[in-house]
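> I'd like to ask you about the structure that follows.
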Amino acid sequence: MTISVASGKGGTGKTTVAVGLALSLEQQVQLLDCDVEEPNSHLFLQLDPESRSSEDFSILVPRIDEDKCTACGLCSSFCEYGALARLKDKVLVFDNLCHGCGGCKIVCPEGAITEAPRPIGKLVSAAVPGVDLLYGDLNSGEVLAPPLIRGVKRQSIAAPDGPGGTPVIIDSPPGTTCPMVTAVKDSDFSILVTENTPFGLHDLELAVQVLSDLNMPMGVVINRADIGRSDVEEFCCKKEIPVLMRIPYSRKIAEFYARGESIVAADPDFRRRFQEMYSRIESIVAEEGRKS
Amino acid sequence: MKICITSQGEDRASNVDPRFGRCAHFCFYDTESGEYRFEPNEFAAGVGGVGVQTSQYMAEQEVGAVLTGQVGPNAFKTLNAAGIEVYPNAEGTVESAVQGFLAGKFEKTSGATGPARHA
């Protein structure tokens with residue numbers, strides 16, 4: 001079963017929840033940190049830096065065989081991203097604009113386009129007892145998070161369709177744009193982490209809309225739940241979205257976080273609470289499976 | 001020679017648009033006939049690589065020189081490869097920019113004048 005942990009707003013506690021859940025379950029879990037622009041799950045696992053292994057991740061960009069190219073312009077008119085410029089007698093390629101879709105190669109009638117890898121980031125893996133971690137780390141200045149997120153997700157060992165097998169937990173990027181959608185897509189369940197602030201509610205509403213469009217079962221975790229307003233609870237009640245957990249505003253959790261230690265280290269009772277949350281998610285997913 | 005001035009509006013009293021790729025309008029000026037022609041920039045709202053697409057269009061229109069505010073690295077590379085001269089830092093009205101160009105008051109650039117704005 002795959003559970004993604006997302007949020008609209010950044011800094012609400014996605015990583016706290018994803019890592020907390022991963023460390024709490026009895027069985028071996030796989031944790032995929034898909035927040036490739038700023039991966040941070042690894043900071044809370046007390047990893048031995050030596051145990052990390054990483055490999056380059058590349059997208060394929062076009063290379064033009066000038067002997068075969070007739071400068072017909074089909075490739076450049078196909079490209080939505082302006083990565084190919086057709087001039088009178090040649091085609092220029094802008095690697096930094098290419099999204100690596102491969103369409104130009106398909107439309108070229110002369111077979112003049114081949115593809116070459118261009119590294120955009122790294123795939124990093126590491127393990128601690130109970131948790132196999134894998135994350136993407138996008139190179140500075142790169143904007144193409146979705147291909148790297150797909151690269152991380154291709155390493156998933158989740159059994160398809162519903163409960164059972166190794167739990168796979170995805171730490172999603174914040175927001176509601178392509179990286180978030182790429183990260184949460186095809187999960188069995190999404191946890192949305194939010195907070196009781198107007199900003200938290202506003203972005204939660206957007207994230208709920210995205211997940212609804214994806215027909216994704218979801219639940220909410222409210223972080224710093226004992227401060228702020230009550231309208232997040234009211235919203236969840238109205239939308240019939242279960243509130244799975246309320247994490248208190250606690251100096252102790254914040255201190256542990258600042259030291260790179262997990263929420264279950266700060267308060268071992270969270271282990272039980274995360275296990276209960278997981279059981280609840282399992283039954284929701286099983287129920288959804290029966291419905292469909 | 002045909003030159004292109006990036007314009008905020010559709011007549012010669014409009015101000016020069018300081019953006020190249022995402023300028024609102026193109027003004028094509030023919031230095032032989034003295035004729036002005038305006039058209040909207042259909043690439044202005046593109047998702048990315050707009051400087052490249054606009055530059056390619058300049059080449060298709062057989063423009064010899066571009067008068068604009070700033071030009072980024074991708075646009076400059078394309079214009080340069082197409083043999084189109086780039087005159088940056090144009091301001092004021094389109095007409096005054098044209099007059100300034102004809103009087104030789106502009107200096108062409110040999111590189112981009114600013115960073116890429118949007119991948």
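Ordering of the structure tokens sets the chain letters (A, B, ...); residue numbers start at 1 within each chain; ligands are numbered from 1 in the order shown.
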Find the residues of chain B in contact range of chain A, meaning any atom within 12 Å when counting only C-alpha atoms, and list them as a PyMOL selection string.

chain B and resi 21+43+45-62+73-84+116-119

> I need the residues from that last selection saved to file as a JSON list (two decimals), in the first residue's frame (with C-alpha atoms), if you can.


[["chain", "number", "residue", "atom", "x", "y", "z"],
["B", 21, "GLY", "CA", 10.34, 37.56, -25.54],
["B", 43, "PHE", "CA", 4.23, 34.00, -27.88],
["B", 45, "ALA", "CA", 1.87, 34.08, -22.74],
["B", 46, "GLY", "CA", 3.78, 30.89, -23.58],
["B", 47, "VAL", "CA", 4.79, 28.46, -20.86],
["B", 48, "GLY", "CA", 8.53, 28.73, -21.41],
["B", 49, "GLY", "CA", 11.29, 29.22, -23.92],
["B", 50, "VAL", "CA", 9.46, 32.33, -25.09],
["B", 51, "GLY", "CA", 12.67, 34.20, -25.92],
["B", 52, "VAL", "CA", 13.69, 31.37, -28.24],
["B", 53, "GLN", "CA", 10.28, 31.22, -29.93],
["B", 54, "THR", "CA", 10.14, 34.99, -30.41],
["B", 55, "SER", "CA", 13.67, 34.97, -31.82],
["B", 56, "GLN", "CA", 12.82, 32.21, -34.25],
["B", 57, "TYR", "CA", 9.87, 34.31, -35.40],
["B", 58, "MET", "CA", 12.22, 37.26, -35.96],
["B", 59, "ALA", "CA", 14.31, 35.03, -38.21],
["B", 60, "GLU", "CA", 11.21, 33.87, -40.11],
["B", 61, "GLN", "CA", 10.21, 37.51, -40.61],
["B", 62, "GLU", "CA", 13.72, 38.18, -41.99],
["B", 73, "PRO", "CA", 20.74, 34.44, -23.00],
["B", 74, "ASN", "CA", 18.51, 32.00, -24.92],
["B", 75, "ALA", "CA", 17.03, 34.76, -27.07],
["B", 76, "PHE", "CA", 20.42, 36.30, -27.72],
["B", 77, "LYS", "CA", 21.94, 32.99, -28.76],
["B", 78, "THR", "CA", 19.10, 32.40, -31.23],
["B", 79, "LEU", "CA", 19.13, 35.91, -32.66],
["B", 80, "ASN", "CA", 22.89, 35.82, -32.96],
["B", 81, "ALA", "CA", 22.84, 32.46, -34.76],
["B", 82, "ALA", "CA", 20.26, 33.90, -37.15],
["B", 83, "GLY", "CA", 22.54, 36.86, -37.86],
["B", 84, "ILE", "CA", 20.14, 39.38, -36.30],
["B", 116, "ALA", "CA", 16.75, 34.06, -18.44],
["B", 117, "ARG", "CA", 13.47, 35.05, -16.79],
["B", 118, "HIS", "CA", 11.54, 31.87, -16.99],
["B", 119, "ALA", "CA", 12.70, 28.45, -17.97]]

> Write out as a list in words the set of residues from chain B that DSSP, computed on the backbone, places in strand (DSSP E).

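Written out, the strand (DSSP E) residues of chain B are Lys2, Ile3, Cys4, Ile5, Thr6, Ser7, His25, Phe26, Cys27, Phe28, Tyr29, Asp30, Tyr36, Arg37, Phe38, Glu39, Pro40, Ala65, Val66, Leu67, Glu85, Val86 and Tyr87 of chain B.
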
> How would the residues just chosen look if you wrote them out with N, CA and C atoms as an mmCIF file, in the first residue's frame?


data_model
loop_
_atom_site.group_PDB
_atom_site.id
_atom_site.type_symbol
_atom_site.label_atom_id
_atom_site.label_comp_id
_atom_site.auth_asym_id
_atom_site.auth_seq_id
_atom_site.Cartn_x
_atom_site.Cartn_y
_atom_site.Cartn_z
ATOM 1 N N LYS B 2 14.584 45.305 -42.602
ATOM 2 C CA LYS B 2 13.443 45.310 -41.681
ATOM 3 C C LYS B 2 13.979 45.245 -40.250
ATOM 4 N N ILE B 3 13.499 46.133 -39.391
ATOM 5 C CA ILE B 3 13.877 46.037 -37.982
ATOM 6 C C ILE B 3 12.617 45.789 -37.150
ATOM 7 N N CYS B 4 12.819 45.213 -35.981
ATOM 8 C CA CYS B 4 11.669 44.984 -35.094
ATOM 9 C C CYS B 4 11.892 45.716 -33.781
ATOM 10 N N ILE B 5 10.887 46.476 -33.380
ATOM 11 C CA ILE B 5 10.931 47.181 -32.103
ATOM 12 C C ILE B 5 9.869 46.530 -31.219
ATOM 13 N N THR B 6 10.248 46.161 -29.998
ATOM 14 C CA THR B 6 9.239 45.589 -29.091
ATOM 15 C C THR B 6 8.408 46.734 -28.528
ATOM 16 N N SER B 7 7.086 46.585 -28.610
ATOM 17 C CA SER B 7 6.201 47.708 -28.300
ATOM 18 C C SER B 7 5.131 47.315 -27.300
ATOM 19 N N HIS B 25 3.576 43.698 -28.143
ATOM 20 C CA HIS B 25 3.428 43.789 -29.604
ATOM 21 C C HIS B 25 4.789 43.850 -30.273
ATOM 22 N N PHE B 26 4.801 43.474 -31.540
ATOM 23 C CA PHE B 26 5.969 43.717 -32.380
ATOM 24 C C PHE B 26 5.650 44.895 -33.294
ATOM 25 N N CYS B 27 6.629 45.779 -33.465
ATOM 26 C CA CYS B 27 6.512 46.789 -34.509
ATOM 27 C C CYS B 27 7.593 46.489 -35.536
ATOM 28 N N PHE B 28 7.180 46.202 -36.768
ATOM 29 C CA PHE B 28 8.157 45.996 -37.839
ATOM 30 C C PHE B 28 8.288 47.302 -38.609
ATOM 31 N N TYR B 29 9.523 47.754 -38.726
ATOM 32 C CA TYR B 29 9.769 49.016 -39.426
ATOM 33 C C TYR B 29 10.692 48.739 -40.606
ATOM 34 N N ASP B 30 10.306 49.225 -41.757
ATOM 35 C CA ASP B 30 11.097 49.022 -42.964
ATOM 36 C C ASP B 30 11.931 50.275 -43.216
ATOM 37 N N TYR B 36 5.586 51.442 -40.987
ATOM 38 C CA TYR B 36 5.448 50.763 -39.690
ATOM 39 C C TYR B 36 4.350 49.711 -39.796
ATOM 40 N N ARG B 37 4.577 48.547 -39.197
ATOM 41 C CA ARG B 37 3.504 47.546 -39.127
ATOM 42 C C ARG B 37 3.512 46.936 -37.724
ATOM 43 N N PHE B 38 2.347 46.907 -37.089
ATOM 44 C CA PHE B 38 2.245 46.364 -35.722
ATOM 45 C C PHE B 38 1.486 45.050 -35.723
ATOM 46 N N GLU B 39 1.917 44.147 -34.866
ATOM 47 C CA GLU B 39 1.121 42.937 -34.650
ATOM 48 C C GLU B 39 1.321 42.443 -33.214
ATOM 49 N N PRO B 40 0.286 41.800 -32.656
ATOM 50 C CA PRO B 40 0.438 41.295 -31.279
ATOM 51 C C PRO B 40 1.442 40.136 -31.230
ATOM 52 N N ALA B 65 17.527 43.552 -37.513
ATOM 53 C CA ALA B 65 17.943 44.083 -36.216
ATOM 54 C C ALA B 65 16.739 44.180 -35.292
ATOM 55 N N VAL B 66 17.009 44.010 -33.993
ATOM 56 C CA VAL B 66 15.960 44.109 -32.975
ATOM 57 C C VAL B 66 16.290 45.252 -32.030
ATOM 58 N N LEU B 67 15.298 46.096 -31.775
ATOM 59 C CA LEU B 67 15.432 47.192 -30.797
ATOM 60 C C LEU B 67 14.545 46.859 -29.610
ATOM 61 N N GLU B 85 21.057 41.495 -35.518
ATOM 62 C CA GLU B 85 21.728 42.361 -34.549
ATOM 63 C C GLU B 85 20.757 42.767 -33.448
ATOM 64 N N VAL B 86 21.280 42.911 -32.232
ATOM 65 C CA VAL B 86 20.426 43.242 -31.086
ATOM 66 C C VAL B 86 20.860 44.575 -30.487
ATOM 67 N N TYR B 87 19.930 45.530 -30.430
ATOM 68 C CA TYR B 87 20.194 46.846 -29.850
ATOM 69 C C TYR B 87 19.351 46.998 -28.592
#

> How many Å lie between atom CA of Thr15 of chain A and atom CA of Arg150 of chain A, rounded to one decimal?

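Atom-to-atom, atom CA of Thr15 of chain A to atom CA of Arg150 of chain A, that is 19.1 Å.
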
> In Å, rounded to a single decimal, give me how far atom CA of Ile149 of chain A is from atom CA of Cys101 of chain A.

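Computing it gives 14.9 Å between the two atoms.
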